[in-house]
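Trainee: After the structure tokens below, expect a handful of questions from me.
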Amino acid sequence: MNWSVFYGILIPFLGTSFGAACVFFMKKEMGDRLQRMLTGFAAGVMVAASIWSLLIPAMEQVVDMGKLAFVPAVAGFWCGILFLLLLDHIIPHLHRNSQSAEGPKSQLKRTTMLVLAVTLHNIPEGMAVGVVYAGYLAGSTQISAAAAMALSLGIAIQNFPEGAIISMPLRAEGTGKPKAFLGGVLSGIVEPIGAILTILAAGLPYLLSFAAGAMLYVVVEELIPEMSQGEHSDVGTIFFAVGFSVMMMLDVALG
């Protein structure tokens, strides 16, 4: 077993779990301002990761196609967008601060649909980590072990607040601390599962851009509206830039 790959796949999940553990230490639910800051940060990380860790390597791997090197990136990107759009319509889920659920009508509890919303969000992140490690294992010169680890660390950093964002509202709605923690953890379990399945089915470079499209769908459809709502929404934009910068620095410095 390649232990660097094992740890790389596991790190994002640990980020979610540590964030969910905040329910044991924080007495009150996070304020709207803090949640906008964290959501903006997560969105910035995901956009930077999509560009530097996924779309650019996808085009670099087919540089021999010349001016058509964009074709795999564009095709995979749109497949990722449409895949998340499909999941958005067939999985019942409820976004934070939303009163009406999305997807088909369901008798599921509100707390369950909150967890499903974040789980849906985490699927492309797991795929992104998996496809980058698949490229590393395949010997791609465009993807080093350090570059793959940079993506894992970036996803883990933005997963920490996501874990808290799901466990704290569950606690505020009356769920016990252990159960709220478990909800946060379960929302992130799809990441290592998705990463492993992606490694097994890797077909670079189309899968790199597929993961990028899926992640950017989540950013535009969910994170940007959440970070921009309410008064003084510029704090979300500022932390978007912070998250983008952190992920960009990690990818360039370690890649």
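In the structure tokens, chains take the letters A, B, ... in the order shown, each chain's residues start at 1, and ligands count up from 1 in the order shown.
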I'd like the neighbourhood of Arg36 of chain A as number ranges by chain, where a residue qualifies if any of its atoms comes within 6 Å (using only C-alpha atoms), though same-chain residues fewer than 4 positions away should be ignored.

Mentor: A: 40, 227, 236

Trainee: Step one, run DSSP on the backbone; step two, keep only residues of segment 6-141 of chain A assigned to helix (DSSP H, G or I); then write them as a ChimeraX atom specification.

Mentor: /A:6-24,32-60,63-68,70-90,110-137

Trainee: Env of Trp3 of chain A: 12 Å cut, atoms = only C-alpha atoms, seq-sep filter 6 positions within chain, self excluded. Answer as a ChimeraX atom specification.

Mentor: /A:9-10,133,137,145,149

Trainee: Would you export the selected residues with N, CA and C atoms as a PDB file, in the first residue's frame, please?

Mentor:
ATOM      1  N   ILE A   9      -5.901  10.596   1.053  1.00  0.00           N
ATOM      2  CA  ILE A   9      -7.338  10.374   0.910  1.00  0.00           C
ATOM      3  C   ILE A   9      -8.059  10.621   2.229  1.00  0.00           C
ATOM      4  N   LEU A  10      -7.412  10.288   3.344  1.00  0.00           N
ATOM      5  CA  LEU A  10      -8.052  10.369   4.656  1.00  0.00           C
ATOM      6  C   LEU A  10      -8.080  11.787   5.226  1.00  0.00           C
ATOM      7  N   TYR A 133      -4.815  11.865  -7.016  1.00  0.00           N
ATOM      8  CA  TYR A 133      -3.954  10.755  -6.584  1.00  0.00           C
ATOM      9  C   TYR A 133      -3.892   9.665  -7.652  1.00  0.00           C
ATOM     10  N   LEU A 137      -0.436   8.201  -9.072  1.00  0.00           N
ATOM     11  CA  LEU A 137      -0.137   6.767  -9.127  1.00  0.00           C
ATOM     12  C   LEU A 137       0.146   6.298 -10.551  1.00  0.00           C
ATOM     13  N   ALA A 145       3.531  14.026  -5.809  1.00  0.00           N
ATOM     14  CA  ALA A 145       2.970  13.660  -4.510  1.00  0.00           C
ATOM     15  C   ALA A 145       2.687  14.913  -3.688  1.00  0.00           C
ATOM     16  N   MET A 149      -0.879  16.196  -2.237  1.00  0.00           N
ATOM     17  CA  MET A 149      -1.043  16.478  -0.812  1.00  0.00           C
ATOM     18  C   MET A 149      -1.518  17.910  -0.591  1.00  0.00           C
TER      19      MET A 149
END

Trainee: A:Ser17, A:Ser187, A:Gln61, A:Ser245: which is nearest Glu125 of chain A, counting only C-alpha atoms?

Mentor: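 That would be A:Ser187, the residue with the smallest distance to Glu125 of chain A.
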
Trainee: Each residue of segment 76-118 of chain A lying at most 12 Å from segment 152-169 of chain A should get a row with its shortest atom-to-atom pair and the distance in Å to one decimal, counting only C-alpha atoms; could you produce that, ordered by chain and increasing number, as CSV?

Mentor:
residue,atom,partner,partner_atom,distance
A:Leu94,CA,A:Ile166,CA,11.3
A:His95,CA,A:Ile166,CA,10.0
A:Arg96,CA,A:Pro169,CA,8.3
A:Asn97,CA,A:Pro169,CA,9.7
A:Arg110,CA,A:Pro169,CA,10.9
A:Thr111,CA,A:Pro169,CA,8.6
A:Thr112,CA,A:Ile166,CA,10.6
A:Met113,CA,A:Ile166,CA,10.8
A:Leu114,CA,A:Ile166,CA,7.2
A:Val115,CA,A:Ile166,CA,6.8
A:Leu116,CA,A:Ile166,CA,10.1
A:Ala117,CA,A:Ile166,CA,9.4
A:Val118,CA,A:Ile166,CA,7.4

Trainee: Pull N, CA, C and O atoms from the residues just selected and write them as a PDB file, in the first residue's frame.

Mentor:
ATOM      1  N   LEU A  94     -31.724  19.909   2.149  1.00  0.00           N
ATOM      2  CA  LEU A  94     -32.116  21.225   2.646  1.00  0.00           C
ATOM      3  C   LEU A  94     -30.876  22.019   2.973  1.00  0.00           C
ATOM      4  O   LEU A  94     -30.048  21.604   3.785  1.00  0.00           O
ATOM      5  N   HIS A  95     -30.738  23.167   2.337  1.00  0.00           N
ATOM      6  CA  HIS A  95     -29.591  24.023   2.597  1.00  0.00           C
ATOM      7  C   HIS A  95     -29.799  24.833   3.867  1.00  0.00           C
ATOM      8  O   HIS A  95     -30.933  25.144   4.250  1.00  0.00           O
ATOM      9  N   ARG A  96     -28.687  25.178   4.505  1.00  0.00           N
ATOM     10  CA  ARG A  96     -28.726  25.985   5.714  1.00  0.00           C
ATOM     11  C   ARG A  96     -29.445  27.312   5.438  1.00  0.00           C
ATOM     12  O   ARG A  96     -29.275  27.920   4.392  1.00  0.00           O
ATOM     13  N   ASN A  97     -30.265  27.747   6.386  1.00  0.00           N
ATOM     14  CA  ASN A  97     -31.028  29.004   6.308  1.00  0.00           C
ATOM     15  C   ASN A  97     -32.120  28.975   5.245  1.00  0.00           C
ATOM     16  O   ASN A  97     -32.683  30.013   4.906  1.00  0.00           O
ATOM     17  N   ARG A 110     -35.914  17.209   8.898  1.00  0.00           N
ATOM     18  CA  ARG A 110     -35.149  18.392   8.498  1.00  0.00           C
ATOM     19  C   ARG A 110     -33.651  18.174   8.739  1.00  0.00           C
ATOM     20  O   ARG A 110     -32.817  18.524   7.896  1.00  0.00           O
ATOM     21  N   THR A 111     -33.301  17.603   9.887  1.00  0.00           N
ATOM     22  CA  THR A 111     -31.892  17.387  10.216  1.00  0.00           C
ATOM     23  C   THR A 111     -31.238  16.429   9.221  1.00  0.00           C
ATOM     24  O   THR A 111     -30.087  16.630   8.825  1.00  0.00           O
ATOM     25  N   THR A 112     -31.975  15.404   8.808  1.00  0.00           N
ATOM     26  CA  THR A 112     -31.436  14.450   7.832  1.00  0.00           C
ATOM     27  C   THR A 112     -31.166  15.137   6.504  1.00  0.00           C
ATOM     28  O   THR A 112     -30.130  14.904   5.859  1.00  0.00           O
ATOM     29  N   MET A 113     -32.076  16.013   6.087  1.00  0.00           N
ATOM     30  CA  MET A 113     -31.889  16.693   4.804  1.00  0.00           C
ATOM     31  C   MET A 113     -30.761  17.730   4.872  1.00  0.00           C
ATOM     32  O   MET A 113     -30.120  18.015   3.862  1.00  0.00           O
ATOM     33  N   LEU A 114     -30.517  18.288   6.054  1.00  0.00           N
ATOM     34  CA  LEU A 114     -29.366  19.177   6.221  1.00  0.00           C
ATOM     35  C   LEU A 114     -28.067  18.407   5.999  1.00  0.00           C
ATOM     36  O   LEU A 114     -27.144  18.888   5.340  1.00  0.00           O
ATOM     37  N   VAL A 115     -27.993  17.210   6.585  1.00  0.00           N
ATOM     38  CA  VAL A 115     -26.808  16.370   6.404  1.00  0.00           C
ATOM     39  C   VAL A 115     -26.655  15.970   4.943  1.00  0.00           C
ATOM     40  O   VAL A 115     -25.547  15.978   4.388  1.00  0.00           O
ATOM     41  N   LEU A 116     -27.764  15.640   4.273  1.00  0.00           N
ATOM     42  CA  LEU A 116     -27.704  15.251   2.866  1.00  0.00           C
ATOM     43  C   LEU A 116     -27.203  16.393   1.981  1.00  0.00           C
ATOM     44  O   LEU A 116     -26.507  16.158   0.993  1.00  0.00           O
ATOM     45  N   ALA A 117     -27.546  17.627   2.336  1.00  0.00           N
ATOM     46  CA  ALA A 117     -27.089  18.781   1.554  1.00  0.00           C
ATOM     47  C   ALA A 117     -25.575  18.886   1.578  1.00  0.00           C
ATOM     48  O   ALA A 117     -24.934  19.105   0.541  1.00  0.00           O
ATOM     49  N   VAL A 118     -24.980  18.719   2.771  1.00  0.00           N
ATOM     50  CA  VAL A 118     -23.520  18.804   2.883  1.00  0.00           C
ATOM     51  C   VAL A 118     -22.870  17.569   2.257  1.00  0.00           C
ATOM     52  O   VAL A 118     -21.793  17.659   1.661  1.00  0.00           O
TER      53      VAL A 118
END

Trainee: Looking at A:Val129, A:Ile238, A:Ala172, A:Leu254, which one is nearest to Ser50 of chain A, with distances taken over only C-alpha atoms?

Mentor: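 When distances to Ser50 of chain A are compared using only C-alpha atoms, the smallest one comes from A:Val129.
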
Trainee: When distances are computed from only C-alpha atoms, which of A:Gly139, A:Cys22, A:Ala211, A:Ala134 shows the smallest separation from Phe6 of chain A?

Mentor: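 Looking at the shortest contact to Phe6 of chain A, the residue is A:Ala134.
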
Trainee: Can you pull out the residues contacting Pro205 of chain A? Cut-off 12 Å, using only C-alpha atoms, and skip same-chain residues under 5 positions away; I want them as a count of residues only.

Mentor: 32

Trainee: Could you jot down the atom CA of Phe41 of chain A to atom CA of Val185 of chain A separation for me, Å, one decimal place?

Mentor: 20.1 Å

Trainee: Which value, in Å to one decimal, gives the distance between atom CA of Gln35 of chain A and atom CA of Glu226 of chain A?

Mentor: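 For atom CA of Gln35 of chain A relative to atom CA of Glu226 of chain A, the distance reads 8.7 Å.
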
Trainee: Give me, as a PDB file with N, CA and C atoms, in the first residue's frame, all polymer residues having an atom no more than 7 Å from Gly44 of chain A, counting only C-alpha atoms and skipping those fewer than 3 positions away in the same chain.

Mentor:
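The new file part_10.pdb reads:
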ATOM      1  N   GLY A  40     -17.443  31.605   2.711  1.00  0.00           N
ATOM      2  CA  GLY A  40     -16.644  32.295   1.703  1.00  0.00           C
ATOM      3  C   GLY A  40     -15.260  31.688   1.568  1.00  0.00           C
ATOM      4  N   PHE A  41     -14.654  31.346   2.708  1.00  0.00           N
ATOM      5  CA  PHE A  41     -13.331  30.719   2.698  1.00  0.00           C
ATOM      6  C   PHE A  41     -13.381  29.391   1.943  1.00  0.00           C
ATOM      7  N   VAL A  47     -12.631  26.996  -5.565  1.00  0.00           N
ATOM      8  CA  VAL A  47     -12.396  27.595  -6.879  1.00  0.00           C
ATOM      9  C   VAL A  47     -10.919  27.493  -7.249  1.00  0.00           C
ATOM     10  N   ALA A  48     -10.033  27.821  -6.307  1.00  0.00           N
ATOM     11  CA  ALA A  48      -8.594  27.748  -6.587  1.00  0.00           C
ATOM     12  C   ALA A  48      -8.172  26.312  -6.873  1.00  0.00           C
ATOM     13  N   PHE A 240     -13.592  34.709   0.793  1.00  0.00           N
ATOM     14  CA  PHE A 240     -13.430  33.969  -0.456  1.00  0.00           C
ATOM     15  C   PHE A 240     -12.021  34.204  -0.993  1.00  0.00           C
ATOM     16  N   ALA A 241     -11.606  35.472  -0.987  1.00  0.00           N
ATOM     17  CA  ALA A 241     -10.263  35.810  -1.470  1.00  0.00           C
ATOM     18  C   ALA A 241      -9.184  35.186  -0.589  1.00  0.00           C
ATOM     19  N   VAL A 242      -9.436  35.131   0.730  1.00  0.00           N
ATOM     20  CA  VAL A 242      -8.471  34.497   1.639  1.00  0.00           C
ATOM     21  C   VAL A 242      -8.340  33.013   1.314  1.00  0.00           C
ATOM     22  N   GLY A 243      -9.463  32.323   1.180  1.00  0.00           N
ATOM     23  CA  GLY A 243      -9.436  30.900   0.859  1.00  0.00           C
ATOM     24  C   GLY A 243      -8.777  30.626  -0.477  1.00  0.00           C
ATOM     25  N   PHE A 244      -9.089  31.456  -1.477  1.00  0.00           N
ATOM     26  CA  PHE A 244      -8.488  31.312  -2.798  1.00  0.00           C
ATOM     27  C   PHE A 244      -6.977  31.456  -2.707  1.00  0.00           C
TER      28      PHE A 244
END

Trainee: Tell me which of A:Ala21, A:Leu120, A:Ile196, A:Leu182 sits closest to His93 of chain A, counting only C-alpha atoms.

Mentor: A:Leu120

Trainee: Quick one: pull the distance between atom CA of His121 of chain A and atom CA of Tyr7 of chain A, Å, one decimal.

Mentor: 21.5 Å

Trainee: Do a neighbour search on segment 176-178 of chain A at 8 Å with only C-alpha atoms, toss out local chain neighbours closer than 5 positions, and write the hits as JSON, numbers by chain.

Mentor: {"A": [23, 24, 171]}

Trainee: Which of these residues is nearest to Ile224 of chain A, using only C-alpha atoms: A:Val5, A:Ile123, A:Met37, A:Ala43?

Mentor: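 Between A:Val5, A:Ile123, A:Met37, A:Ala43, the residue approaching Ile224 of chain A most closely is A:Ala43.
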